[in-house]
Amino acid sequence: MNKYLIRLIKYLLPSFIFCALLLTMPHATASANVETTPDTHRGIWFSYTDFEDAGLYNKTETEFRKNANKIFKKIKKYDFNAIYFHVRPFDDAVYPNSEFKWCTYMSDKPLSYDPLAIMIEYANAYDIDFHAWINPYRITHTKIYNPAKKKVTDRIVRGVMEIIQNYDVDGIHFDDYFYPSKKKGNQFFKVKKRERKNNINKMVSSVYQAIKAYNPEIDFGISPAGTVAYAESLGCDLETWLWEEGYVDYIVPQIYWSNNYISEGKKVKLFNDRLNEWMSIGTGNTPVYTGLALYKAGYQSSIDRGWKKSRTNIEKQINRSFKKGAKGYVMFTYKSLYLPDAKKEMKFLKN
C-alpha cells in the first residue's frame with residue numbers, strides 16, 4: 001500500500017472512530033439540561049380550541065394543507081414526536097362519513113375533503129405519531145351521556161372503531177371528562193365514587209379490548225385530572241389502570257401547577273407535590289407521561305406565581321418528571337407555542 005495512503009488512514013482513523021461512537025450514543029435532544037432519547041415520549045395536545053388560531057377553520061383544501069404543513073413543521077421544530085389531535089370534542093366528528101354529527105369547530109358545514117386524513121398524512125410525512133383525541137361522554141360543556149348505560153359504552157366503542165378502521169392512527173386518547181364533579185346540581189352528582197369507577201372501568205376495558213382485537217399496535221391512553229383525589233372522584237380508577245392489564249397503555253396526569261404556589265399564605269411546591277402523589281401510586285408496567293401547562297407560561301396569578309416569575313418552569317418540570325420515573329411529557333396546547341412567554345419557556349427544546 002502506498003505509504004502516503006497509510007499515513008492518511010492513520011491521520012483520519014481517530015476522527016472516524018469518534019464519529020462512529022457519536023452515532024452509537026443515545027440521541028440527546030433539546031439542551032444539555034434536558035436529555036431525551038428516541039424512546040422518550042414528547043407530545044403536544046391539539047385542541048378544538050386551536051383549530052381557528054392554527055388556520056384550520058373554514059378553509060379550502062389548499063389552505064388547509066398549507067396550514068397543516070406549518071403545524072407539523074412547528075411541532076417538529078420543538079422536537080415533539082406525538083400529536084394528540086381533537087377528533088371528537090363534543091359527540092361530533094372532524095371527519096366525514098361518521099355516525100356522529102359534523103364538528104362545527106372545524107367548519108360551519110361538512111367539507112368536501114377529509115381534514116383528519118390530511119392531518120394524518122402530514123403527521124406521517126414529519127414522522128410524528130398521531131393520536132386521535134376523543135371526549136367519550138361529553139355532549140356540551142355541562143352535559144354528558146350516562147356512563148352507567150351499556151348503550152352509551154357501546155356507542156363509544158363504535159366511535160373508536162369508526163376511527164381505527166378508517167384511519168391509520170397510532171393511538172386513541174381520552175381526557176379527563178368522565179363524570180362531572182360531585183357538586184350539588186351537577187349531572188349525576190349523587191352517584192357514589194365506587195359506582196362511578198365501576199361504570200368507567202367497564203367502558204375503558206371495553207374500548208381497550210376492542211382496539212387490541214383490531215390492532216394490538218394501536219395505543220390507548222387516558223389523561224386524568226392532575227389531583228389524584230379529584231380524578232378518582234370523577235370516576236378514574238387510577239390504581240387499576242396503572243397496575244392491571246386490559247385497561248390503558250399509558251396515563252398522562254394533567255399536573256398544571258408551578259412550584260411557586262401560595263396555599264394558606266405559604267409557598268408550596270405544588271407541581272412537585274402532585275407529581276410525587278402520582279408516582280407514589282406506582283406505575284406497574286404502565287408508562288406515565290406528565291401533562292404540562294405550557295398555556296400558563298407568563299400567567300399572572302396571585303396564587304400560582306411561578307408562571308410569571310420564571311421562564312424555566314417547563315424545563316424544570318420535565319427534569320423532575322424524569323427523575324421521578326416518568327417516561328415522557330405532553331404539553332397543552334399547540335397554540336401556546338406562539339405565545340411570547342411560552343417561546344421563552346421552550347427555548348431549551350428548540351431544534
# chains A, B, ... in the order shown; residues from 1 in each chain; ligands from 1
$ select_by_dssp --residues "range 6-255 of chain A" --states "alpha helix (DSSP H)" --output "ChimeraX atom specification"
/A:6-24,61-77,115-125,150-166,193-214,228-233,238-243
$ residues_around --residues "Phe72 in chain A" --least-positions-apart "5" --cutoff "12 Å" --atoms "only C-alpha atoms" --output "mmCIF file with N, CA, C and O atoms, in the first residue's frame"
data_model
loop_
_atom_site.group_PDB
_atom_site.id
_atom_site.type_symbol
_atom_site.label_atom_id
_atom_site.label_comp_id
_atom_site.auth_asym_id
_atom_site.auth_seq_id
_atom_site.Cartn_x
_atom_site.Cartn_y
_atom_site.Cartn_z
ATOM 1 N N ILE A 44 -47.789 16.777 22.185
ATOM 2 C CA ILE A 44 -48.490 18.053 22.310
ATOM 3 C C ILE A 44 -49.969 17.837 22.010
ATOM 4 O O ILE A 44 -50.324 17.111 21.081
ATOM 5 N N PHE A 46 -53.473 19.045 20.639
ATOM 6 C CA PHE A 46 -54.019 19.994 19.649
ATOM 7 C C PHE A 46 -55.522 19.991 19.840
ATOM 8 O O PHE A 46 -56.232 19.130 19.342
ATOM 9 N N ALA A 54 -54.920 28.105 14.460
ATOM 10 C CA ALA A 54 -53.904 27.423 13.657
ATOM 11 C C ALA A 54 -54.222 27.440 12.160
ATOM 12 O O ALA A 54 -53.481 26.859 11.359
ATOM 13 N N ARG A 65 -54.221 22.347 3.713
ATOM 14 C CA ARG A 65 -52.952 21.624 3.551
ATOM 15 C C ARG A 65 -51.753 22.529 3.857
ATOM 16 O O ARG A 65 -50.794 22.106 4.519
ATOM 17 N N LYS A 66 -51.821 23.741 3.398
ATOM 18 C CA LYS A 66 -50.726 24.678 3.642
ATOM 19 C C LYS A 66 -50.531 24.896 5.140
ATOM 20 O O LYS A 66 -49.392 24.876 5.646
ATOM 21 N N ASN A 67 -51.625 25.080 5.848
ATOM 22 C CA ASN A 67 -51.534 25.339 7.285
ATOM 23 C C ASN A 67 -51.212 24.075 8.075
ATOM 24 O O ASN A 67 -50.538 24.143 9.113
ATOM 25 N N LYS A 77 -40.079 21.356 14.942
ATOM 26 C CA LYS A 77 -39.078 22.339 15.374
ATOM 27 C C LYS A 77 -38.810 22.223 16.871
ATOM 28 O O LYS A 77 -37.666 22.373 17.324
ATOM 29 N N TYR A 78 -39.862 21.949 17.636
ATOM 30 C CA TYR A 78 -39.709 21.821 19.081
ATOM 31 C C TYR A 78 -39.531 20.372 19.524
ATOM 32 O O TYR A 78 -39.686 20.057 20.700
ATOM 33 N N ASP A 79 -39.224 19.519 18.590
ATOM 34 C CA ASP A 79 -38.822 18.132 18.877
ATOM 35 C C ASP A 79 -39.928 17.268 19.481
ATOM 36 O O ASP A 79 -39.664 16.286 20.168
ATOM 37 N N PHE A 80 -41.187 17.616 19.236
ATOM 38 C CA PHE A 80 -42.266 16.719 19.634
ATOM 39 C C PHE A 80 -42.294 15.519 18.689
ATOM 40 O O PHE A 80 -41.989 15.650 17.501
ATOM 41 N N ASN A 81 -42.659 14.365 19.213
ATOM 42 C CA ASN A 81 -42.774 13.184 18.356
ATOM 43 C C ASN A 81 -44.178 12.584 18.378
ATOM 44 O O ASN A 81 -44.400 11.490 17.844
ATOM 45 N N ALA A 82 -45.140 13.298 18.993
ATOM 46 C CA ALA A 82 -46.525 12.811 19.019
ATOM 47 C C ALA A 82 -47.480 13.994 19.109
ATOM 48 O O ALA A 82 -47.211 14.979 19.802
ATOM 49 N N ILE A 83 -48.588 13.884 18.410
ATOM 50 C CA ILE A 83 -49.654 14.887 18.485
ATOM 51 C C ILE A 83 -50.933 14.200 18.937
ATOM 52 O O ILE A 83 -51.259 13.086 18.503
ATOM 53 N N PHE A 85 -54.600 14.909 18.635
ATOM 54 C CA PHE A 85 -55.447 15.782 17.841
ATOM 55 C C PHE A 85 -56.914 15.538 18.164
ATOM 56 O O PHE A 85 -57.399 14.407 18.100
ATOM 57 N N ILE A 118 -55.957 14.296 6.048
ATOM 58 C CA ILE A 118 -54.863 15.206 5.693
ATOM 59 C C ILE A 118 -53.917 15.394 6.873
ATOM 60 O O ILE A 118 -52.677 15.378 6.708
ATOM 61 N N MET A 119 -54.446 15.561 8.074
ATOM 62 C CA MET A 119 -53.584 15.723 9.246
ATOM 63 C C MET A 119 -52.720 14.490 9.470
ATOM 64 O O MET A 119 -51.526 14.603 9.798
ATOM 65 N N ILE A 120 -53.281 13.313 9.268
ATOM 66 C CA ILE A 120 -52.505 12.076 9.427
ATOM 67 C C ILE A 120 -51.447 11.978 8.333
ATOM 68 O O ILE A 120 -50.316 11.540 8.585
ATOM 69 N N GLU A 121 -51.794 12.395 7.142
ATOM 70 C CA GLU A 121 -50.838 12.398 6.033
ATOM 71 C C GLU A 121 -49.602 13.235 6.380
ATOM 72 O O GLU A 121 -48.462 12.796 6.180
ATOM 73 N N TYR A 122 -49.820 14.429 6.913
ATOM 74 C CA TYR A 122 -48.691 15.297 7.260
ATOM 75 C C TYR A 122 -47.959 14.800 8.506
ATOM 76 O O TYR A 122 -46.731 14.962 8.622
ATOM 77 N N ALA A 123 -48.674 14.198 9.431
ATOM 78 C CA ALA A 123 -48.015 13.608 10.595
ATOM 79 C C ALA A 123 -47.030 12.535 10.149
ATOM 80 O O ALA A 123 -45.884 12.476 10.630
ATOM 81 N N ASN A 124 -47.448 11.697 9.208
ATOM 82 C CA ASN A 124 -46.563 10.656 8.686
ATOM 83 C C ASN A 124 -45.361 11.258 7.964
ATOM 84 O O ASN A 124 -44.230 10.777 8.100
ATOM 85 N N ALA A 125 -45.606 12.333 7.213
ATOM 86 C CA ALA A 125 -44.523 12.972 6.462
ATOM 87 C C ALA A 125 -43.459 13.536 7.399
ATOM 88 O O ALA A 125 -42.270 13.540 7.064
ATOM 89 N N TYR A 126 -43.869 13.995 8.561
ATOM 90 C CA TYR A 126 -42.929 14.571 9.529
ATOM 91 C C TYR A 126 -42.515 13.563 10.616
ATOM 92 O O TYR A 126 -41.846 13.940 11.576
ATOM 93 N N ASP A 127 -42.929 12.323 10.456
ATOM 94 C CA ASP A 127 -42.584 11.257 11.402
ATOM 95 C C ASP A 127 -43.075 11.581 12.818
ATOM 96 O O ASP A 127 -42.353 11.451 13.802
ATOM 97 N N ILE A 128 -44.336 12.023 12.900
ATOM 98 C CA ILE A 128 -44.982 12.349 14.165
ATOM 99 C C ILE A 128 -46.093 11.335 14.419
ATOM 100 O O ILE A 128 -46.957 11.124 13.557
ATOM 101 N N ASP A 129 -46.108 10.699 15.575
ATOM 102 C CA ASP A 129 -47.185 9.775 15.915
ATOM 103 C C ASP A 129 -48.495 10.547 16.061
ATOM 104 O O ASP A 129 -48.518 11.640 16.648
ATOM 105 N N PHE A 130 -49.567 9.964 15.554
ATOM 106 C CA PHE A 130 -50.867 10.632 15.563
ATOM 107 C C PHE A 130 -51.830 9.885 16.476
ATOM 108 O O PHE A 130 -52.174 8.724 16.229
ATOM 109 N N TYR A 334 -51.256 23.348 21.574
ATOM 110 C CA TYR A 334 -50.464 23.737 20.402
ATOM 111 C C TYR A 334 -50.328 25.248 20.228
ATOM 112 O O TYR A 334 -49.228 25.756 20.005
#
$ closest_residue --among "A:Phe51, A:Trp243, A:Phe178, A:Tyr230" --to "Val204 in chain A" --atoms "only C-alpha atoms"
A:Phe178
$ closest_atom_pairs --of "range 145-228 of chain A" --to "range 244-265 of chain A" --cutoff "9 Å" --atoms "only C-alpha atoms" --output "Markdown table"
| residue | atom | partner | partner_atom | distance |
| --- | --- | --- | --- | --- |
| A:Asp175 | CA | A:Val252 | CA | 8.7 |
| A:Asp176 | CA | A:Gln254 | CA | 8.8 |
| A:Asn201 | CA | A:Tyr247 | CA | 7.7 |
| A:Val204 | CA | A:Tyr247 | CA | 5.9 |
| A:Ser205 | CA | A:Tyr247 | CA | 5.0 |
| A:Ser206 | CA | A:Tyr247 | CA | 8.4 |
| A:Val207 | CA | A:Tyr247 | CA | 8.2 |
| A:Tyr208 | CA | A:Tyr247 | CA | 5.7 |
| A:Gln209 | CA | A:Gly246 | CA | 6.9 |
| A:Asp219 | CA | A:Asp249 | CA | 5.9 |
| A:Phe220 | CA | A:Asp249 | CA | 5.4 |
| A:Gly221 | CA | A:Tyr250 | CA | 4.9 |
| A:Ile222 | CA | A:Ile251 | CA | 5.2 |
| A:Ser223 | CA | A:Val252 | CA | 4.4 |
| A:Pro224 | CA | A:Pro253 | CA | 5.1 |
| A:Ala225 | CA | A:Gln254 | CA | 5.3 |
| A:Gly226 | CA | A:Gln254 | CA | 4.2 |
| A:Thr227 | CA | A:Ile255 | CA | 7.5 |
| A:Val228 | CA | A:Pro253 | CA | 8.6 |
$ closest_residue --among "A:Asp168, A:Lys73, A:Thr36, A:Asp341" --to "Lys327 in chain A" --atoms "only C-alpha atoms"
A:Thr36
$ closest_residue --among "A:Val191, A:Val157, A:Ala132, A:Met203" --to "Gly171 in chain A" --atoms "only C-alpha atoms"
A:Ala132
$ closest_residue --among "A:Val34, A:Leu234, A:Ala148, A:Ala68" --to "Glu315 in chain A" --atoms "only C-alpha atoms"
A:Val34
$ atom_distance --atom1 "CA of Lys59 in chain A" --atom2 "CA of Asp108 in chain A"
10.2 Å
$ closest_residue --among "A:Tyr167, A:Phe332, A:Tyr214, A:Phe100" --to "Tyr84 in chain A" --atoms "only C-alpha atoms"
A:Phe332
$ select_by_dssp --residues "range 150-269 of chain A" --states "strand (DSSP E)" --output "PyMOL selection string"
chain A and resi 171-174+219-222+250-251+261-263+266-268
$ write_last_selection --atoms "N, CA, C and O atoms" --output "mmCIF file, in the first residue's frame"
data_model
loop_
_atom_site.group_PDB
_atom_site.id
_atom_site.type_symbol
_atom_site.label_atom_id
_atom_site.label_comp_id
_atom_site.auth_asym_id
_atom_site.auth_seq_id
_atom_site.Cartn_x
_atom_site.Cartn_y
_atom_site.Cartn_z
ATOM 1 N N GLY A 171 -52.800 5.938 17.946
ATOM 2 C CA GLY A 171 -53.410 5.774 19.248
ATOM 3 C C GLY A 171 -54.780 6.423 19.354
ATOM 4 O O GLY A 171 -55.156 7.270 18.540
ATOM 5 N N ILE A 172 -55.515 6.002 20.380
ATOM 6 C CA ILE A 172 -56.780 6.616 20.778
ATOM 7 C C ILE A 172 -56.566 7.188 22.171
ATOM 8 O O ILE A 172 -56.008 6.531 23.058
ATOM 9 N N HIS A 173 -57.033 8.427 22.368
ATOM 10 C CA HIS A 173 -56.750 9.150 23.601
ATOM 11 C C HIS A 173 -58.027 9.737 24.184
ATOM 12 O O HIS A 173 -58.795 10.400 23.478
ATOM 13 N N PHE A 174 -58.277 9.480 25.490
ATOM 14 C CA PHE A 174 -59.385 10.085 26.215
ATOM 15 C C PHE A 174 -58.821 11.086 27.224
ATOM 16 O O PHE A 174 -57.752 10.864 27.779
ATOM 17 N N ASP A 219 -52.121 2.271 20.452
ATOM 18 C CA ASP A 219 -52.128 2.590 21.875
ATOM 19 C C ASP A 219 -53.467 3.185 22.304
ATOM 20 O O ASP A 219 -54.140 3.850 21.520
ATOM 21 N N PHE A 220 -53.787 2.947 23.565
ATOM 22 C CA PHE A 220 -54.966 3.564 24.159
ATOM 23 C C PHE A 220 -54.558 4.143 25.503
ATOM 24 O O PHE A 220 -54.024 3.432 26.360
ATOM 25 N N GLY A 221 -54.785 5.446 25.673
ATOM 26 C CA GLY A 221 -54.396 6.079 26.926
ATOM 27 C C GLY A 221 -55.381 7.126 27.376
ATOM 28 O O GLY A 221 -56.267 7.558 26.628
ATOM 29 N N ILE A 222 -55.214 7.545 28.628
ATOM 30 C CA ILE A 222 -56.132 8.489 29.262
ATOM 31 C C ILE A 222 -55.333 9.575 29.961
ATOM 32 O O ILE A 222 -54.268 9.328 30.518
ATOM 33 N N TYR A 250 -50.993 3.818 28.687
ATOM 34 C CA TYR A 250 -50.264 4.920 29.329
ATOM 35 C C TYR A 250 -51.262 5.830 30.024
ATOM 36 O O TYR A 250 -52.465 5.776 29.765
ATOM 37 N N ILE A 251 -50.759 6.695 30.904
ATOM 38 C CA ILE A 251 -51.572 7.706 31.575
ATOM 39 C C ILE A 251 -50.820 9.037 31.520
ATOM 40 O O ILE A 251 -49.601 9.082 31.639
ATOM 41 N N TYR A 261 -46.486 28.183 44.412
ATOM 42 C CA TYR A 261 -47.934 28.233 44.589
ATOM 43 C C TYR A 261 -48.224 28.641 46.039
ATOM 44 O O TYR A 261 -47.598 28.118 46.971
ATOM 45 N N ILE A 262 -49.162 29.543 46.229
ATOM 46 C CA ILE A 262 -49.467 30.032 47.566
ATOM 47 C C ILE A 262 -50.694 29.310 48.113
ATOM 48 O O ILE A 262 -51.781 29.378 47.538
ATOM 49 N N SER A 263 -50.504 28.611 49.211
ATOM 50 C CA SER A 263 -51.600 27.892 49.872
ATOM 51 C C SER A 263 -51.587 28.238 51.352
ATOM 52 O O SER A 263 -50.579 28.028 52.044
ATOM 53 N N LYS A 266 -48.665 30.273 52.509
ATOM 54 C CA LYS A 266 -47.322 29.711 52.410
ATOM 55 C C LYS A 266 -47.018 29.257 50.985
ATOM 56 O O LYS A 266 -47.904 28.819 50.259
ATOM 57 N N LYS A 267 -45.757 29.385 50.612
ATOM 58 C CA LYS A 267 -45.318 28.927 49.298
ATOM 59 C C LYS A 267 -45.221 27.406 49.291
ATOM 60 O O LYS A 267 -44.615 26.800 50.169
ATOM 61 N N VAL A 268 -45.826 26.797 48.283
ATOM 62 C CA VAL A 268 -45.850 25.337 48.163
ATOM 63 C C VAL A 268 -45.296 24.940 46.798
ATOM 64 O O VAL A 268 -45.609 25.575 45.787
#
$ closest_residue --among "A:Ile318, A:Ala297, A:Ala326, A:Val169" --to "Glu35 in chain A" --atoms "only C-alpha atoms"
A:Ile318
$ residues_around --residues "Asn97 in chain A" --least-positions-apart "6" --cutoff "10 Å" --atoms "only C-alpha atoms" --output "number ranges by chain"
A: 110, 114, 162
$ atom_distance --atom1 "CA of Leu294 in chain A" --atom2 "CA of Asn319 in chain A"
15.1 Å
$ residues_around --residues "Ile211 in chain A" --least-positions-apart "6" --cutoff "8 Å" --atoms "only C-alpha atoms" --output "compact mmCIF listing (two decimals) with N, CA, C and O atoms, in the first residue's frame"
# COMPACT_ATOMS: atom_id res chain seq x y z
N VAL A 160 -64.89 4.66 18.46
CA VAL A 160 -63.47 4.33 18.40
C VAL A 160 -63.17 3.45 17.19
O VAL A 160 -62.21 3.69 16.44
N MET A 161 -64.00 2.44 16.99
CA MET A 161 -63.79 1.53 15.86
C MET A 161 -63.92 2.25 14.53
O MET A 161 -63.20 1.96 13.57
N ILE A 164 -60.40 3.83 14.02
CA ILE A 164 -59.24 2.96 13.77
C ILE A 164 -59.43 2.08 12.53
O ILE A 164 -58.44 1.65 11.93
N ILE A 218 -52.00 -0.39 18.22
CA ILE A 218 -52.60 0.92 18.48
C ILE A 218 -52.66 1.14 20.00
O ILE A 218 -53.18 0.31 20.74
N PHE A 220 -53.79 2.95 23.56
CA PHE A 220 -54.97 3.56 24.16
C PHE A 220 -54.56 4.14 25.50
O PHE A 220 -54.02 3.43 26.36
$ residues_around --residues "Gly235 in chain A" --least-positions-apart "3" --cutoff "6 Å" --atoms "only C-alpha atoms" --output "list in words"
Arg196, Lys197 and Glu232 of chain A
$ residues_around --residues "Asn186 in chain A" --least-positions-apart "3" --cutoff "12 Å" --atoms "only C-alpha atoms" --output "PyMOL selection string"
chain A and resi 141-144+179-183+189-191+234
